[in-house]
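For reference, the structure discussed in these notes is given below.
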Amino acid sequence: MQLHPITVIEIIFTVIFLGALYTIAMLIPKTKRKIGLYAAGIITVIVLAFFLIRPHWINYQVSIKTDQLHSYLEKKYPGEEWKITRSNGRQYNPYHLEVEFSSEKGWKYLYWVKDAANIKQTGYSVQDGDTKIEGKHFQPENW
């Protein structure tokens with residue numbers, strides 16, 4: 001399993017932070033040490049829960065935003081068919097969704113979805129060898 005560099009950096013800083021917490025908890029006087037260790041343990045559980053829950057939360061949010069984009073596109077382009085995808089990886093914003101319309105193969109339009117009322121087309125890519133600058137679904141009013 002190969003980890004993304006951002007993930008490695010997060011893990012390193014988290015281990016350093018938690019190690020410092022436990023070191024501090026061990027250095028405080030014996031009368032307060034137990035409280036310090038409990039606090040460090042609770043913070044460790046919270047951090048682990050964050051790292052376990054975050055990917056599922058992002059996937060849940062993306063599914064909602066995909067549905068919102070689908071509704072937006074149905075209103076904007078009735079009768080059209082499209083495929084909505086997203087780029088996977090830590091370096092990509094999970095809320096930027098790519099749309100490829102069946103009537104315009106090879107063109108991909110990038111949409112940013114904040115909520116159902118705030119959807120903007122933020123970019124597009126053209127098919128290799130295509131000389132057109134603007135596609136059929138280009139929305140310059142959103143730029």
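Chain labels A, B, ... are given in the sequence in which chains occur in the structure tokens; within each chain residues are numbered consecutively from 1, and ligands are likewise numbered from 1 in the order shown.
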
* To do: Step one, run DSSP on the backbone; step two, keep only residues of segment 8-129 of chain A assigned to helix (DSSP H, G or I); then write them as a PyMOL selection string.
  => chain A and resi 8-27+30-76

* Asked: Excluding same-chain residues fewer than 5 positions from Pro55 of chain A, what lies within 12 Å of it counting only C-alpha atoms, as a ChimeraX atom specification?
  -> /A:7,49-50,60-62,88-90,94

Saved selection, atoms kept: C-alpha atoms, as an mmCIF file, in the first residue's frame:
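For reference, result_35.cif as written:
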```
data_model
loop_
_atom_site.group_PDB
_atom_site.id
_atom_site.type_symbol
_atom_site.label_atom_id
_atom_site.label_comp_id
_atom_site.auth_asym_id
_atom_site.auth_seq_id
_atom_site.Cartn_x
_atom_site.Cartn_y
_atom_site.Cartn_z
ATOM 1 C CA THR A 7 -1.222 11.502 4.272
ATOM 2 C CA ALA A 49 -11.919 8.823 15.058
ATOM 3 C CA PHE A 50 -11.242 11.861 12.854
ATOM 4 C CA TYR A 60 -21.162 11.056 1.782
ATOM 5 C CA GLN A 61 -20.820 14.762 0.956
ATOM 6 C CA VAL A 62 -19.689 13.963 -2.598
ATOM 7 C CA ASN A 88 -9.550 10.459 -6.885
ATOM 8 C CA GLY A 89 -6.549 11.294 -4.783
ATOM 9 C CA ARG A 90 -5.615 13.575 -1.941
ATOM 10 C CA PRO A 94 -13.372 16.069 -3.858
#
```

* To do: Could you please determine the separation between atom CA of Val47 of chain A and atom CA of Ala25 of chain A in Å, to one decimal place?
  =>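 Distance reported for this atom pair: 17.1 Å.
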
* Assign secondary structure with DSSP using the backbone only, and return the residues of chain A in strand (DSSP E or B) as a PyMOL selection string. => chain A and resi 82-86+96-101+108-115+118-125

* Selected residue, from A:Tyr22, A:Glu74, A:Lys108, A:Leu69, that lies nearest to Ser87 of chain A when counting only C-alpha atoms -> A:Lys108

* Go ahead and compute the interatomic distance for atom CA of Ile58 of chain A and atom CA of Phe17 of chain A, in Å to one decimal. =>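 We find that atom CA of Ile58 of chain A and atom CA of Phe17 of chain A lie 24.4 Å from each other.
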
* To do: Would you kindly return, as a ChimeraX atom specification, each protein, DNA or RNA residue with an atom no farther than 9 Å from any atom of segment 134-138 of chain A, considering only C-alpha atoms and excluding same-chain residues fewer than 4 positions away?
  => /A:77,101,103-104,107,109,121,123-124,126

Write the selection just made, keeping all heavy atoms, as an mmCIF file, in the first residue's frame?
```
data_model
loop_
_atom_site.group_PDB
_atom_site.id
_atom_site.type_symbol
_atom_site.label_atom_id
_atom_site.label_comp_id
_atom_site.auth_asym_id
_atom_site.auth_seq_id
_atom_site.Cartn_x
_atom_site.Cartn_y
_atom_site.Cartn_z
ATOM 1 N N TYR A 77 -29.847 21.413 -18.996
ATOM 2 C CA TYR A 77 -29.745 20.698 -20.275
ATOM 3 C C TYR A 77 -30.763 19.553 -20.324
ATOM 4 O O TYR A 77 -30.390 18.386 -20.247
ATOM 5 C CB TYR A 77 -28.333 20.143 -20.471
ATOM 6 C CG TYR A 77 -27.251 21.185 -20.379
ATOM 7 C CD1 TYR A 77 -26.396 21.231 -19.282
ATOM 8 C CD2 TYR A 77 -27.082 22.130 -21.381
ATOM 9 C CE1 TYR A 77 -25.404 22.187 -19.189
ATOM 10 C CE2 TYR A 77 -26.097 23.098 -21.293
ATOM 11 C CZ TYR A 77 -25.264 23.115 -20.194
ATOM 12 O OH TYR A 77 -24.282 24.069 -20.103
ATOM 13 N N PHE A 101 -20.599 14.983 -21.313
ATOM 14 C CA PHE A 101 -21.898 14.855 -21.970
ATOM 15 C C PHE A 101 -21.786 13.847 -23.105
ATOM 16 O O PHE A 101 -20.783 13.806 -23.824
ATOM 17 C CB PHE A 101 -22.359 16.212 -22.509
ATOM 18 C CG PHE A 101 -22.680 17.201 -21.429
ATOM 19 C CD1 PHE A 101 -21.715 18.059 -20.923
ATOM 20 C CD2 PHE A 101 -23.960 17.275 -20.908
ATOM 21 C CE1 PHE A 101 -22.006 18.961 -19.921
ATOM 22 C CE2 PHE A 101 -24.269 18.175 -19.908
ATOM 23 C CZ PHE A 101 -23.294 19.024 -19.410
ATOM 24 N N SER A 103 -23.343 13.906 -25.839
ATOM 25 C CA SER A 103 -23.373 14.590 -27.134
ATOM 26 C C SER A 103 -22.052 15.276 -27.466
ATOM 27 O O SER A 103 -21.899 15.827 -28.555
ATOM 28 C CB SER A 103 -24.500 15.627 -27.149
ATOM 29 O OG SER A 103 -24.244 16.637 -26.194
ATOM 30 N N GLU A 104 -21.122 15.234 -26.549
ATOM 31 C CA GLU A 104 -19.835 15.925 -26.734
ATOM 32 C C GLU A 104 -18.720 15.058 -26.151
ATOM 33 O O GLU A 104 -18.084 15.408 -25.162
ATOM 34 C CB GLU A 104 -19.908 17.279 -26.033
ATOM 35 C CG GLU A 104 -18.958 18.297 -26.561
ATOM 36 C CD GLU A 104 -19.219 19.668 -25.956
ATOM 37 O OE1 GLU A 104 -19.945 19.811 -24.971
ATOM 38 O OE2 GLU A 104 -18.640 20.612 -26.503
ATOM 39 N N TRP A 107 -14.938 15.841 -24.286
ATOM 40 C CA TRP A 107 -14.914 17.105 -23.550
ATOM 41 C C TRP A 107 -15.344 16.828 -22.122
ATOM 42 O O TRP A 107 -16.341 16.147 -21.884
ATOM 43 C CB TRP A 107 -15.880 18.106 -24.178
ATOM 44 C CG TRP A 107 -15.369 18.738 -25.430
ATOM 45 C CD1 TRP A 107 -15.180 18.127 -26.625
ATOM 46 C CD2 TRP A 107 -15.001 20.089 -25.591
ATOM 47 N NE1 TRP A 107 -14.708 19.032 -27.530
ATOM 48 C CE2 TRP A 107 -14.592 20.252 -26.923
ATOM 49 C CE3 TRP A 107 -14.968 21.184 -24.742
ATOM 50 C CZ2 TRP A 107 -14.151 21.468 -27.423
ATOM 51 C CZ3 TRP A 107 -14.541 22.398 -25.249
ATOM 52 C CH2 TRP A 107 -14.130 22.522 -26.569
ATOM 53 N N TYR A 109 -16.195 18.822 -18.493
ATOM 54 C CA TYR A 109 -16.455 20.102 -17.844
ATOM 55 C C TYR A 109 -16.335 19.917 -16.341
ATOM 56 O O TYR A 109 -16.876 18.969 -15.781
ATOM 57 C CB TYR A 109 -17.849 20.613 -18.210
ATOM 58 C CG TYR A 109 -17.978 20.925 -19.677
ATOM 59 C CD1 TYR A 109 -18.385 19.949 -20.578
ATOM 60 C CD2 TYR A 109 -17.654 22.183 -20.169
ATOM 61 C CE1 TYR A 109 -18.478 20.220 -21.924
ATOM 62 C CE2 TYR A 109 -17.747 22.457 -21.521
ATOM 63 C CZ TYR A 109 -18.157 21.476 -22.388
ATOM 64 O OH TYR A 109 -18.248 21.748 -23.722
ATOM 65 N N GLN A 121 -19.472 26.234 -13.118
ATOM 66 C CA GLN A 121 -18.540 25.545 -14.015
ATOM 67 C C GLN A 121 -17.212 26.280 -13.882
ATOM 68 O O GLN A 121 -17.125 27.476 -14.096
ATOM 69 C CB GLN A 121 -19.045 25.609 -15.453
ATOM 70 C CG GLN A 121 -18.236 24.758 -16.396
ATOM 71 C CD GLN A 121 -18.730 24.902 -17.823
ATOM 72 O OE1 GLN A 121 -18.342 25.839 -18.494
ATOM 73 N NE2 GLN A 121 -19.581 23.987 -18.240
ATOM 74 N N GLY A 123 -14.087 24.994 -15.156
ATOM 75 C CA GLY A 123 -13.082 24.654 -16.149
ATOM 76 C C GLY A 123 -13.577 23.590 -17.097
ATOM 77 O O GLY A 123 -14.685 23.071 -16.953
ATOM 78 N N TYR A 124 -12.759 23.312 -18.073
ATOM 79 C CA TYR A 124 -13.083 22.262 -19.018
ATOM 80 C C TYR A 124 -11.808 21.756 -19.654
ATOM 81 O O TYR A 124 -10.774 22.423 -19.623
ATOM 82 C CB TYR A 124 -14.071 22.748 -20.087
ATOM 83 C CG TYR A 124 -13.551 23.841 -20.991
ATOM 84 C CD1 TYR A 124 -12.967 23.543 -22.224
ATOM 85 C CD2 TYR A 124 -13.642 25.176 -20.621
ATOM 86 C CE1 TYR A 124 -12.491 24.538 -23.049
ATOM 87 C CE2 TYR A 124 -13.174 26.181 -21.437
ATOM 88 C CZ TYR A 124 -12.595 25.862 -22.652
ATOM 89 O OH TYR A 124 -12.123 26.853 -23.467
ATOM 90 N N VAL A 126 -10.434 19.634 -23.315
ATOM 91 C CA VAL A 126 -10.856 19.255 -24.664
ATOM 92 C C VAL A 126 -10.248 17.919 -25.051
ATOM 93 O O VAL A 126 -9.265 17.466 -24.480
ATOM 94 C CB VAL A 126 -10.463 20.329 -25.698
ATOM 95 C CG1 VAL A 126 -11.138 21.644 -25.389
ATOM 96 C CG2 VAL A 126 -8.965 20.510 -25.762
#
```

* Could you jot down the atom CA of Glu81 of chain A to atom CA of Ser125 of chain A separation for me, Å, one decimal place? =>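 Interatomic distance, atom CA of Glu81 of chain A to atom CA of Ser125 of chain A: 18.1 Å.
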
* Contacts of Trp82 of chain A within 7 Å, only C-alpha atoms, excl. fewer than 3 positions in-chain, as an MDAnalysis selection string -> chainID A and resid 99:102

* Asked: For Ala39 of chain A, which residue among A:Ile84, A:His56, A:Tyr92, A:Leu21 is the nearest when counting only C-alpha atoms?
  -> A:Leu21

* Selected residue of minimal separation from Gly19 of chain A among A:Leu37, A:Leu73, A:Val113, A:Ile46, counting only C-alpha atoms ->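 Ranking A:Leu37, A:Leu73, A:Val113, A:Ile46 by distance to Gly19 of chain A, first place goes to A:Leu37.
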
* Would you please work out which residue, of A:Lys114, A:His4, A:Thr44, A:Glu80, is nearest to Ala20 of chain A when using only C-alpha atoms? =>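 Ranking A:Lys114, A:His4, A:Thr44, A:Glu80 by distance to Ala20 of chain A, first place goes to A:Thr44.
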